[in-house]
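**Student:** Input upload.cif, format and content: mmCIF, C-alpha atoms.
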```cif
data_coords
#
loop_
_atom_site.label_atom_id
_atom_site.label_comp_id
_atom_site.auth_asym_id
_atom_site.auth_seq_id
_atom_site.Cartn_x
_atom_site.Cartn_y
_atom_site.Cartn_z
CA GLN A 106 23.59 10.66 40.66
CA VAL A 107 21.50 9.75 37.65
CA GLN A 108 21.53 6.13 36.51
CA LEU A 109 19.65 4.60 33.59
CA VAL A 110 19.69 0.82 33.25
CA GLU A 111 18.23 -0.79 30.14
CA SER A 112 17.03 -4.37 29.88
CA GLY A 113 14.92 -6.51 27.57
CA GLY A 114 17.12 -6.68 24.50
CA GLY A 115 17.76 -9.93 22.68
CA SER A 116 17.51 -11.79 19.40
CA VAL A 117 14.25 -12.17 17.54
CA GLN A 118 13.08 -13.09 14.07
CA ALA A 119 11.63 -10.53 11.69
CA GLY A 120 8.03 -9.81 12.55
CA GLY A 121 8.59 -10.50 16.23
CA SER A 122 8.32 -8.24 19.25
CA LEU A 123 10.46 -7.09 22.14
CA ARG A 124 9.86 -4.80 25.09
CA LEU A 125 12.74 -2.72 26.39
CA SER A 126 12.77 -1.30 29.89
CA CYS A 127 14.84 1.50 31.40
CA ALA A 128 14.96 1.71 35.18
CA ALA A 129 15.84 5.25 36.25
CA SER A 130 17.30 6.51 39.50
CA GLY A 131 18.32 10.02 40.50
CA ILE A 132 15.83 11.52 38.04
CA ALA A 133 12.05 11.44 37.86
CA VAL A 134 10.70 10.06 34.59
CA SER A 135 7.44 11.83 35.42
CA ARG A 136 9.11 15.22 34.96
CA ALA A 137 12.12 14.72 32.68
CA CYS A 138 12.22 14.45 28.92
CA MET A 139 12.94 10.77 28.24
CA GLY A 140 13.89 9.06 25.04
CA TRP A 141 15.09 5.96 23.25
CA PHE A 142 17.93 6.03 20.77
CA ARG A 143 19.69 3.37 18.75
CA GLN A 144 23.02 2.93 17.06
CA ALA A 145 23.75 0.35 14.38
CA PRO A 146 27.33 -0.62 13.46
CA GLY A 147 28.98 2.09 11.40
CA LYS A 148 26.05 4.47 11.80
CA GLU A 149 25.28 7.55 13.86
CA ARG A 150 23.16 7.26 16.99
CA GLU A 151 19.60 8.17 16.03
CA GLY A 152 16.52 9.11 17.97
CA VAL A 153 13.78 6.48 17.98
CA ALA A 154 11.17 7.94 20.31
CA GLY A 155 10.71 10.61 22.96
CA ILE A 156 8.15 11.23 25.68
CA ALA A 157 7.33 14.44 27.55
CA SER A 158 6.13 15.01 31.10
CA ASP A 159 2.47 14.98 30.03
CA GLY A 160 2.95 11.70 28.14
CA SER A 161 2.98 13.20 24.66
CA THR A 162 5.20 11.27 22.29
CA LYS A 163 7.28 11.64 19.17
CA TYR A 164 8.66 8.93 16.87
CA ALA A 165 11.13 8.56 14.09
CA ASP A 166 9.37 7.94 10.76
CA SER A 167 11.06 4.55 10.48
CA VAL A 168 9.32 3.21 13.60
CA LYS A 169 5.94 4.97 13.54
CA GLY A 170 3.09 2.50 13.94
CA ARG A 171 5.43 -0.25 15.13
CA PHE A 172 7.09 1.10 18.30
CA THR A 173 5.43 2.59 21.38
CA ILE A 174 7.20 4.57 24.08
CA SER A 175 5.61 4.71 27.51
CA LYS A 176 6.50 5.27 31.14
CA ASP A 177 5.39 4.14 34.57
CA ASN A 178 5.85 7.08 36.91
CA ALA A 179 5.27 4.97 40.02
CA LYS A 180 8.04 2.54 39.00
CA ASN A 181 10.20 5.35 37.58
CA THR A 182 10.68 3.23 34.47
CA LEU A 183 10.63 3.96 30.75
CA TYR A 184 9.54 1.38 28.16
CA LEU A 185 9.79 0.78 24.44
CA GLN A 186 7.40 -1.75 22.96
CA MET A 187 8.72 -2.87 19.59
CA ASN A 188 6.43 -4.81 17.25
CA SER A 189 6.79 -5.99 13.66
CA LEU A 190 10.55 -5.88 14.01
CA LYS A 191 12.69 -5.72 10.89
CA PRO A 192 16.37 -6.58 10.33
CA ASP A 193 17.01 -2.83 9.92
CA ASP A 194 15.99 -2.40 13.57
CA THR A 195 19.14 -4.27 14.64
CA ALA A 196 21.18 -1.93 16.86
CA ILE A 197 22.21 -1.13 20.38
CA TYR A 198 19.30 0.68 22.03
CA TYR A 199 19.96 3.41 24.57
CA CYS A 200 17.72 5.08 27.12
CA ALA A 201 18.30 8.81 27.61
CA ALA A 202 17.17 11.53 30.00
CA ARG A 203 17.25 15.31 29.89
CA SER A 204 17.64 17.03 33.23
CA PHE A 205 17.93 20.70 32.27
CA ALA A 206 14.48 21.64 33.52
CA MET A 207 11.95 20.56 36.11
CA TYR A 208 9.33 19.84 33.44
CA CYS A 209 9.45 18.57 29.88
CA TYR A 210 7.05 20.50 27.66
CA GLY A 211 7.51 18.48 24.50
CA PRO A 212 8.97 15.13 23.42
CA ARG A 213 12.48 15.27 21.95
CA THR A 214 14.43 12.92 19.71
CA ALA A 215 17.64 14.88 19.06
CA LYS A 216 20.62 13.34 20.82
CA ASN A 217 22.21 16.70 21.65
CA GLU A 218 19.20 17.54 23.83
CA TYR A 219 19.91 14.71 26.29
CA ASN A 220 22.57 14.68 28.95
CA TYR A 221 22.22 11.26 30.61
CA TRP A 222 22.56 7.91 28.87
CA GLY A 223 22.24 4.26 29.78
CA GLN A 224 24.77 1.60 28.85
CA GLY A 225 22.64 0.21 26.03
CA THR A 226 21.02 -3.12 25.23
CA GLN A 227 21.53 -5.10 22.03
CA VAL A 228 18.60 -5.87 19.76
CA THR A 229 19.20 -8.26 16.89
CA VAL A 230 16.53 -9.03 14.30
CA SER A 231 17.15 -11.86 11.88
CA SER A 232 15.40 -12.36 8.55
#
```
Just dump the structure as structure tokens.

**Tutor:**
Amino acid sequence: QVQLVESGGGSVQAGGSLRLSCAASGIAVSRACMGWFRQAPGKEREGVAGIASDGSTKYADSVKGRFTISKDNAKNTLYLQMNSLKPDDTAIYYCAARSFAMYCYGPRTAKNEYNYWGQGTQVTVSS
């Protein structure tokens, strides 16, 4: 059974940083497509960043240069380093995994391409 457990959310002032973690079990982050998504109140869930098996990454335009997705294969954990946070970054952040294949050939940020989701962690950025 696949489980994804996010942690690291919290409240921070604009310009600050947070690091989200996603501990995975039942799936290997080394092989699966992994991603971070977020959902603000009244808005659709949107892709923030994705990472492929070879470590290649993809980011939403709104976070490029500020957020970094990474993974530790030995710890089976996915990370999202968020710097220069803005109030618009306020949302619930979700970790996601795609298990349809044994290898992920390219990073993905479309929510319909993922089939496992964590419970989410709240990030609040105040001005």

**Student:** Evaluating the PyMOL selection byres ((chain A and resi 136) around 12) on the displayed file yields which residues, as a list of chain:residue names?

**Tutor:**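 Here the PyMOL selection byres ((chain A and resi 136) around 12) matches A:Gly131, A:Ile132, A:Ala133, A:Val134, A:Ser135, A:Ala137, A:Cys138, A:Met139, A:Ile156, A:Ala157, A:Ser158, A:Asp159, A:Gly160, A:Lys176, A:Asp177, A:Asn178, A:Asn181, A:Ala202, A:Arg203, A:Ser204, A:Phe205, A:Ala206, A:Met207, A:Tyr208, A:Cys209, A:Tyr210, A:Gly211, A:Pro212.
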
**Student:** Hey, can you spit out that residue selection with C-alpha atoms as a CSV table (one decimal), keeping the file's coordinate frame?

**Tutor:**
```
chain,number,residue,atom,x,y,z
A,131,GLY,CA,18.3,10.0,40.5
A,132,ILE,CA,15.8,11.5,38.0
A,133,ALA,CA,12.0,11.4,37.9
A,134,VAL,CA,10.7,10.1,34.6
A,135,SER,CA,7.4,11.8,35.4
A,137,ALA,CA,12.1,14.7,32.7
A,138,CYS,CA,12.2,14.4,28.9
A,139,MET,CA,12.9,10.8,28.2
A,156,ILE,CA,8.2,11.2,25.7
A,157,ALA,CA,7.3,14.4,27.6
A,158,SER,CA,6.1,15.0,31.1
A,159,ASP,CA,2.5,15.0,30.0
A,160,GLY,CA,3.0,11.7,28.1
A,176,LYS,CA,6.5,5.3,31.1
A,177,ASP,CA,5.4,4.1,34.6
A,178,ASN,CA,5.8,7.1,36.9
A,181,ASN,CA,10.2,5.4,37.6
A,202,ALA,CA,17.2,11.5,30.0
A,203,ARG,CA,17.2,15.3,29.9
A,204,SER,CA,17.6,17.0,33.2
A,205,PHE,CA,17.9,20.7,32.3
A,206,ALA,CA,14.5,21.6,33.5
A,207,MET,CA,12.0,20.6,36.1
A,208,TYR,CA,9.3,19.8,33.4
A,209,CYS,CA,9.4,18.6,29.9
A,210,TYR,CA,7.0,20.5,27.7
A,211,GLY,CA,7.5,18.5,24.5
A,212,PRO,CA,9.0,15.1,23.4
```

**Student:** Which of these residues is nearest to Leu183 of chain A, using only C-alpha atoms: A:Ser112, A:Gln106, A:Ser231, A:Gln144?

**Tutor:** A:Ser112

**Student:** Suppose a student applies the PyMOL selection byres ((chain A and resi 168-173) around 12) to this structure; what residues should they get, written as number ranges by chain?

**Tutor:** A: 120-126, 140-143, 151-156, 160-167, 174-176, 183-191, 193-194

**Student:** So that I have them on file, write out the residues from the current selection with C-alpha atoms, as an mmCIF file, keeping the file's coordinate frame.

**Tutor:**
```cif
data_model
loop_
_atom_site.group_PDB
_atom_site.id
_atom_site.type_symbol
_atom_site.label_atom_id
_atom_site.label_comp_id
_atom_site.auth_asym_id
_atom_site.auth_seq_id
_atom_site.Cartn_x
_atom_site.Cartn_y
_atom_site.Cartn_z
ATOM 1 C CA GLY A 120 8.030 -9.810 12.550
ATOM 2 C CA GLY A 121 8.590 -10.500 16.230
ATOM 3 C CA SER A 122 8.320 -8.240 19.250
ATOM 4 C CA LEU A 123 10.460 -7.090 22.140
ATOM 5 C CA ARG A 124 9.860 -4.800 25.090
ATOM 6 C CA LEU A 125 12.740 -2.720 26.390
ATOM 7 C CA SER A 126 12.770 -1.300 29.890
ATOM 8 C CA GLY A 140 13.890 9.060 25.040
ATOM 9 C CA TRP A 141 15.090 5.960 23.250
ATOM 10 C CA PHE A 142 17.930 6.030 20.770
ATOM 11 C CA ARG A 143 19.690 3.370 18.750
ATOM 12 C CA GLU A 151 19.600 8.170 16.030
ATOM 13 C CA GLY A 152 16.520 9.110 17.970
ATOM 14 C CA VAL A 153 13.780 6.480 17.980
ATOM 15 C CA ALA A 154 11.170 7.940 20.310
ATOM 16 C CA GLY A 155 10.710 10.610 22.960
ATOM 17 C CA ILE A 156 8.150 11.230 25.680
ATOM 18 C CA GLY A 160 2.950 11.700 28.140
ATOM 19 C CA SER A 161 2.980 13.200 24.660
ATOM 20 C CA THR A 162 5.200 11.270 22.290
ATOM 21 C CA LYS A 163 7.280 11.640 19.170
ATOM 22 C CA TYR A 164 8.660 8.930 16.870
ATOM 23 C CA ALA A 165 11.130 8.560 14.090
ATOM 24 C CA ASP A 166 9.370 7.940 10.760
ATOM 25 C CA SER A 167 11.060 4.550 10.480
ATOM 26 C CA ILE A 174 7.200 4.570 24.080
ATOM 27 C CA SER A 175 5.610 4.710 27.510
ATOM 28 C CA LYS A 176 6.500 5.270 31.140
ATOM 29 C CA LEU A 183 10.630 3.960 30.750
ATOM 30 C CA TYR A 184 9.540 1.380 28.160
ATOM 31 C CA LEU A 185 9.790 0.780 24.440
ATOM 32 C CA GLN A 186 7.400 -1.750 22.960
ATOM 33 C CA MET A 187 8.720 -2.870 19.590
ATOM 34 C CA ASN A 188 6.430 -4.810 17.250
ATOM 35 C CA SER A 189 6.790 -5.990 13.660
ATOM 36 C CA LEU A 190 10.550 -5.880 14.010
ATOM 37 C CA LYS A 191 12.690 -5.720 10.890
ATOM 38 C CA ASP A 193 17.010 -2.830 9.920
ATOM 39 C CA ASP A 194 15.990 -2.400 13.570
#
```

**Student:** Rounded to one decimal, what separation in Å do you get between atom CA of Val110 of chain A and atom CA of Ala196 of chain A?

**Tutor:**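 If I compute the distance from atom CA of Val110 of chain A to atom CA of Ala196 of chain A, I get 16.7 Å.
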
**Student:** Rounded to one decimal, what separation in Å do you get between atom CA of Ser130 of chain A and atom CA of Tyr221 of chain A?

**Tutor:** 11.2 Å

**Student:** Go ahead and compute the interatomic distance for atom CA of Pro192 of chain A and atom CA of Glu111 of chain A, in Å to one decimal.

**Tutor:**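 Taking atom CA of Pro192 of chain A as the start and atom CA of Glu111 of chain A as the end point, the length is 20.7 Å.
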
**Student:** With distances taken over only C-alpha atoms, which of A:Ser116, A:Gln108, A:Thr195, A:Asn220 is nearest to Pro146 of chain A?

**Tutor:**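 The answer is A:Thr195, which sits nearest to Pro146 of chain A.
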